[in-house]
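Undergrad: Sharing start.cif, mmCIF, C-alpha atoms:
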data_query
loop_
_atom_site.label_atom_id
_atom_site.label_comp_id
_atom_site.auth_asym_id
_atom_site.auth_seq_id
_atom_site.Cartn_x
_atom_site.Cartn_y
_atom_site.Cartn_z
CA MET C 1018 11.14 70.06 -15.22
CA GLN C 1019 10.33 66.89 -17.18
CA ARG C 1020 7.08 65.13 -16.34
CA ASN C 1021 6.90 61.32 -16.27
CA ASN C 1022 3.88 60.15 -18.29
CA ALA C 1023 4.59 56.45 -17.76
CA VAL C 1024 1.52 54.27 -17.43
CA GLU C 1025 1.61 51.56 -14.80
CA THR C 1026 0.82 48.15 -16.32
CA THR C 1027 0.09 44.63 -15.10
CA ILE C 1028 0.92 41.43 -16.96
CA ILE C 1029 -2.28 39.40 -17.28
CA ARG C 1030 -1.30 36.60 -19.68
CA THR C 1031 1.71 35.08 -21.38
CA PHE C 1032 1.96 33.46 -24.80
CA ASP C 1033 4.49 31.21 -26.48
CA ASN C 1034 3.75 32.41 -30.00
CA TYR C 1035 3.23 35.84 -31.53
CA ILE C 1036 0.12 34.94 -33.55
CA SER C 1037 -2.08 34.21 -30.53
CA ALA C 1038 -0.57 37.15 -28.66
CA ASN C 1039 -1.34 39.61 -31.46
CA ILE C 1040 -4.88 38.29 -31.99
CA ILE C 1041 -5.70 38.85 -28.31
CA LEU C 1042 -3.88 42.20 -28.30
CA GLY C 1043 -5.95 43.39 -31.27
CA ARG C 1044 -9.24 42.21 -29.77
CA LEU C 1045 -8.53 43.96 -26.47
CA GLN C 1046 -7.46 47.17 -28.23
CA GLN C 1047 -10.68 47.10 -30.30
CA SER C 1048 -12.55 46.96 -26.99
CA GLY C 1049 -10.78 50.10 -25.75
CA ILE C 1050 -8.21 48.40 -23.53
CA HIS C 1051 -4.76 50.03 -23.44
CA CYS C 1052 -2.30 47.14 -23.68
CA VAL C 1053 1.09 46.16 -25.10
CA LEU C 1054 3.12 43.02 -25.72
CA LEU C 1055 6.43 42.66 -23.91
CA ASP C 1056 9.30 40.46 -25.15
CA GLU C 1057 7.43 39.80 -28.40
CA TYR C 1058 10.46 40.45 -30.59
CA THR C 1059 12.81 38.37 -28.45
CA VAL C 1060 10.52 35.32 -28.56
CA THR C 1061 9.72 35.76 -32.26
CA ILE C 1062 13.35 36.12 -33.34
CA ASP C 1063 14.70 33.36 -31.08
CA PRO C 1064 11.97 30.97 -29.86
CA ILE C 1065 14.53 29.05 -27.81
CA LEU C 1066 14.53 32.01 -25.40
CA THR C 1067 10.77 31.69 -24.74
CA ASN C 1068 11.22 29.95 -21.37
CA ALA C 1069 14.17 32.15 -20.39
CA VAL C 1070 12.20 35.41 -20.78
CA GLY C 1071 8.85 33.97 -19.68
CA GLY C 1072 7.15 34.12 -23.08
CA ILE C 1073 5.39 37.04 -24.72
CA LYS C 1074 3.68 39.02 -21.98
CA LEU C 1075 0.39 40.87 -22.40
CA ALA C 1076 0.58 43.99 -20.22
CA VAL C 1077 -2.55 46.03 -19.53
CA ASP C 1078 -3.05 49.49 -18.02
CA LYS C 1079 -3.46 48.83 -14.27
CA GLU C 1080 -6.80 50.67 -14.20
CA GLN C 1081 -8.23 48.34 -16.88
CA VAL C 1082 -7.08 44.96 -15.51
CA GLU C 1083 -10.52 43.79 -14.33
CA GLN C 1084 -12.19 44.76 -17.61
CA ALA C 1085 -9.39 43.09 -19.63
CA LEU C 1086 -9.61 39.88 -17.58
CA ARG C 1087 -13.38 39.80 -18.06
CA LEU C 1088 -12.91 40.17 -21.83
CA LEU C 1089 -10.21 37.47 -21.88
CA ASN C 1090 -12.60 35.08 -20.11
CA GLU C 1091 -15.27 35.87 -22.71
CA PHE C 1092 -12.77 35.26 -25.55
CA ASP C 1093 -11.70 31.95 -23.97
CA GLU C 1094 -15.29 30.79 -23.51
CA GLU C 1095 -16.12 31.72 -27.11
CA TYR C 1096 -13.08 29.81 -28.32
CA LEU C 1097 -13.80 26.77 -26.14
CA ARG C 1098 -17.27 26.46 -27.69
CA SER C 1099 -15.55 25.92 -31.05
CA VAL C 1100 -12.71 23.62 -29.91
CA ILE C 1101 -12.82 19.89 -30.55
CA CYS C 1102 -11.36 17.45 -28.00
CA PRO C 1103 -8.33 15.71 -29.52
CA ASN C 1104 -9.29 12.50 -27.71
CA CYS C 1105 -13.02 12.02 -28.41
CA GLY C 1106 -14.05 14.73 -30.86
CA GLY C 1107 -16.50 16.40 -28.47
CA ASN C 1108 -16.58 20.14 -27.91
CA ASN C 1109 -17.56 20.20 -24.26
CA ILE C 1110 -14.26 21.51 -22.86
CA ILE C 1111 -14.17 23.66 -19.72
CA GLN C 1112 -11.48 25.01 -17.41
CA VAL C 1113 -11.35 23.28 -14.00
CA SER C 1114 -9.04 23.14 -11.00
CA LYS C 1115 -6.40 20.46 -11.43
CA GLN C 1116 -6.85 17.44 -9.16
CA SER C 1117 -3.42 17.37 -7.53
CA PRO C 1118 -1.91 17.23 -4.03
CA ALA C 1119 -0.75 20.85 -4.43
CA ASN C 1120 -4.31 22.02 -5.08
CA ILE C 1121 -5.62 20.06 -2.08
CA ILE C 1122 -3.03 21.73 0.14
CA THR C 1123 -4.00 25.08 -1.41
CA ALA C 1124 -7.66 24.46 -0.59
CA VAL C 1125 -6.83 23.59 3.04
CA LEU C 1126 -4.59 26.64 3.46
CA THR C 1127 -7.23 28.89 1.90
CA TRP C 1128 -9.81 27.46 4.29
CA LEU C 1129 -7.52 27.92 7.31
CA PHE C 1130 -6.46 31.43 6.38
CA SER C 1131 -9.66 32.57 4.72
CA SER C 1132 -8.43 36.11 4.19
CA TYR C 1133 -5.47 34.80 2.19
CA ALA C 1134 -6.63 33.24 -1.07
CA ILE C 1135 -4.11 31.15 -2.98
CA ALA C 1136 -4.49 30.58 -6.72
CA THR C 1137 -4.95 26.97 -7.78
CA GLU C 1138 -3.61 25.33 -10.92
CA LYS C 1139 -6.16 25.08 -13.72
CA VAL C 1140 -6.49 22.62 -16.61
CA TYR C 1141 -8.84 22.31 -19.55
CA GLN C 1142 -10.98 19.19 -19.31
CA CYS C 1143 -13.31 17.53 -21.81
CA GLN C 1144 -16.57 16.85 -20.01
CA ASP C 1145 -17.37 14.01 -22.43
CA CYS C 1146 -14.27 11.81 -22.01
CA GLY C 1147 -12.23 13.37 -19.15
CA TYR C 1148 -9.21 14.32 -21.32
CA GLU C 1149 -7.12 17.05 -19.61
CA THR C 1150 -4.55 19.50 -20.95
CA GLU C 1151 -2.83 22.56 -19.48
CA LYS C 1152 -3.29 24.61 -22.66
CA ILE C 1153 -6.48 25.22 -24.62
CA PRO C 1154 -6.53 22.58 -27.39
CA GLU C 1155 -5.91 23.84 -30.91
CA ASN C 1156 -9.10 24.43 -32.88
CA ASN C 1157 -9.01 21.59 -35.40
CA THR C 1158 -11.31 19.01 -36.88
CA ALA C 1159 -8.96 16.01 -36.78
CA TYR C 1160 -8.99 13.90 -33.67
CA ASN C 1161 -7.87 10.43 -32.55
#
Rewrite the structure from the file as structure tokens, please.
TA:
Amino acid sequence: MQRNNAVETTIIRTFDNYISANIILGRLQQSGIHCVLLDEYTVTIDPILTNAVGGIKLAVDKEQVEQALRLLNEFDEEYLRSVICPNCGGNNIIQVSKQSPANIITAVLTWLFSSYAIATEKVYQCQDCGYETEKIPENNTAYN
């Protein structure tokens, strides 16, 4: 009788390039998290397929999801402290809930059905000038 040793995983983040994906993969593995990248080769070989396959997916052992998410938040916060706003040159960028009608409806539904939490859309916002972007700005020194 053959025994199935498959590990159940959960996708916790997607990437559109292999460099960022592999940096995060390596940092999580150094911290003892069992994780793999899915669709890495497809996206790397043919970037046009990125949207079709949903990007490069970071899958983590289901038992380590909370720990991995905590580490990802720490990595993001560390990175944000070094990022420069492309609009004003400040480095006071934080992640906030997007101010949109969909998020307002989400807040009302969450309030009405308090046991059913709905995830809101997030954006990165410069606290100095108000600039918003859906992705973490690239870490660079040139700005407008």
Undergrad: Once you count all atoms listed in the file, what closest atom pair and distance in Å to one decimal does each residue of range 1047-1157 of chain C within 9 Å of range 1029-1036 of chain C have, with rows by chain and rising residue number, as CSV?
TA:
residue,atom,partner,partner_atom,distance
C:Glu1057,CA,C:Tyr1035,CA,6.6
C:Tyr1058,CA,C:Tyr1035,CA,8.6
C:Val1060,CA,C:Asn1034,CA,7.5
C:Thr1061,CA,C:Tyr1035,CA,6.5
C:Pro1064,CA,C:Asp1033,CA,8.2
C:Thr1067,CA,C:Asp1033,CA,6.5
C:Asn1068,CA,C:Asp1033,CA,8.5
C:Gly1071,CA,C:Thr1031,CA,7.4
C:Gly1072,CA,C:Asp1033,CA,5.2
C:Ile1073,CA,C:Phe1032,CA,5.0
C:Lys1074,CA,C:Thr1031,CA,4.4
C:Leu1075,CA,C:Arg1030,CA,5.3
C:Ala1076,CA,C:Ile1029,CA,6.2
C:Val1077,CA,C:Ile1029,CA,7.0
C:Val1082,CA,C:Ile1029,CA,7.6
C:Ala1085,CA,C:Ile1029,CA,8.3
C:Leu1086,CA,C:Ile1029,CA,7.4
Undergrad: Can you tell me how far CA of Lys1152 in chain C sits from CA of Cys1105 in chain C, in Å to one decimal?
TA: 16.9 Å
Undergrad: Put a box with edges along x, y and z around all the listed atoms of range 1138-1146 of chain C, pad it by 5 Å on each side, then give me its centre and sizes in Å, one decimal, as JSON.
TA:
{"center_x": -10.5, "center_y": 18.6, "center_z": -16.7, "size_x": 23.8, "size_y": 23.5, "size_z": 21.5}
Undergrad: Quote the spacing between CA of Ser1037 in chain C and CA of Tyr1141 in chain C in Å to one decimal place.
TA: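 Separating CA of Ser1037 in chain C from CA of Tyr1141 in chain C is a distance of 17.5 Å.
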Undergrad: Just give me the gap between CA of Gln1142 in chain C and CA of Thr1027 in chain C in Å, one decimal is fine.
TA: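 It comes out at 28.1 Å.
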Undergrad: Counting all atoms listed in the file, figure out which residue out of C:Ala1038, C:Leu1088, C:Asp1063, C:Ala1069 gets nearest to Ile1050 in chain C.
TA: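 So, comparing all the options, the nearest one is C:Leu1088.
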Undergrad: Name the residues captured by the PyMOL selection byres ((chain C and resi 1145) around 12) when it is applied to the shown file; answer as a short mmCIF file (atom, residue, chain, number, x, y, z; two decimals) with C-alpha atoms, keeping the file's coordinate frame.
TA:
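Contents of result_37.cif, freshly written:
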data_model
loop_
_atom_site.label_atom_id
_atom_site.label_comp_id
_atom_site.auth_asym_id
_atom_site.auth_seq_id
_atom_site.Cartn_x
_atom_site.Cartn_y
_atom_site.Cartn_z
CA ILE C 1101 -12.82 19.89 -30.55
CA CYS C 1102 -11.36 17.45 -28.00
CA PRO C 1103 -8.33 15.71 -29.52
CA ASN C 1104 -9.29 12.50 -27.71
CA CYS C 1105 -13.02 12.02 -28.41
CA GLY C 1106 -14.05 14.73 -30.86
CA GLY C 1107 -16.50 16.40 -28.47
CA ASN C 1108 -16.58 20.14 -27.91
CA ASN C 1109 -17.56 20.20 -24.26
CA ILE C 1110 -14.26 21.51 -22.86
CA ILE C 1111 -14.17 23.66 -19.72
CA GLN C 1142 -10.98 19.19 -19.31
CA CYS C 1143 -13.31 17.53 -21.81
CA GLN C 1144 -16.57 16.85 -20.01
CA CYS C 1146 -14.27 11.81 -22.01
CA GLY C 1147 -12.23 13.37 -19.15
CA TYR C 1148 -9.21 14.32 -21.32
CA GLU C 1149 -7.12 17.05 -19.61
#
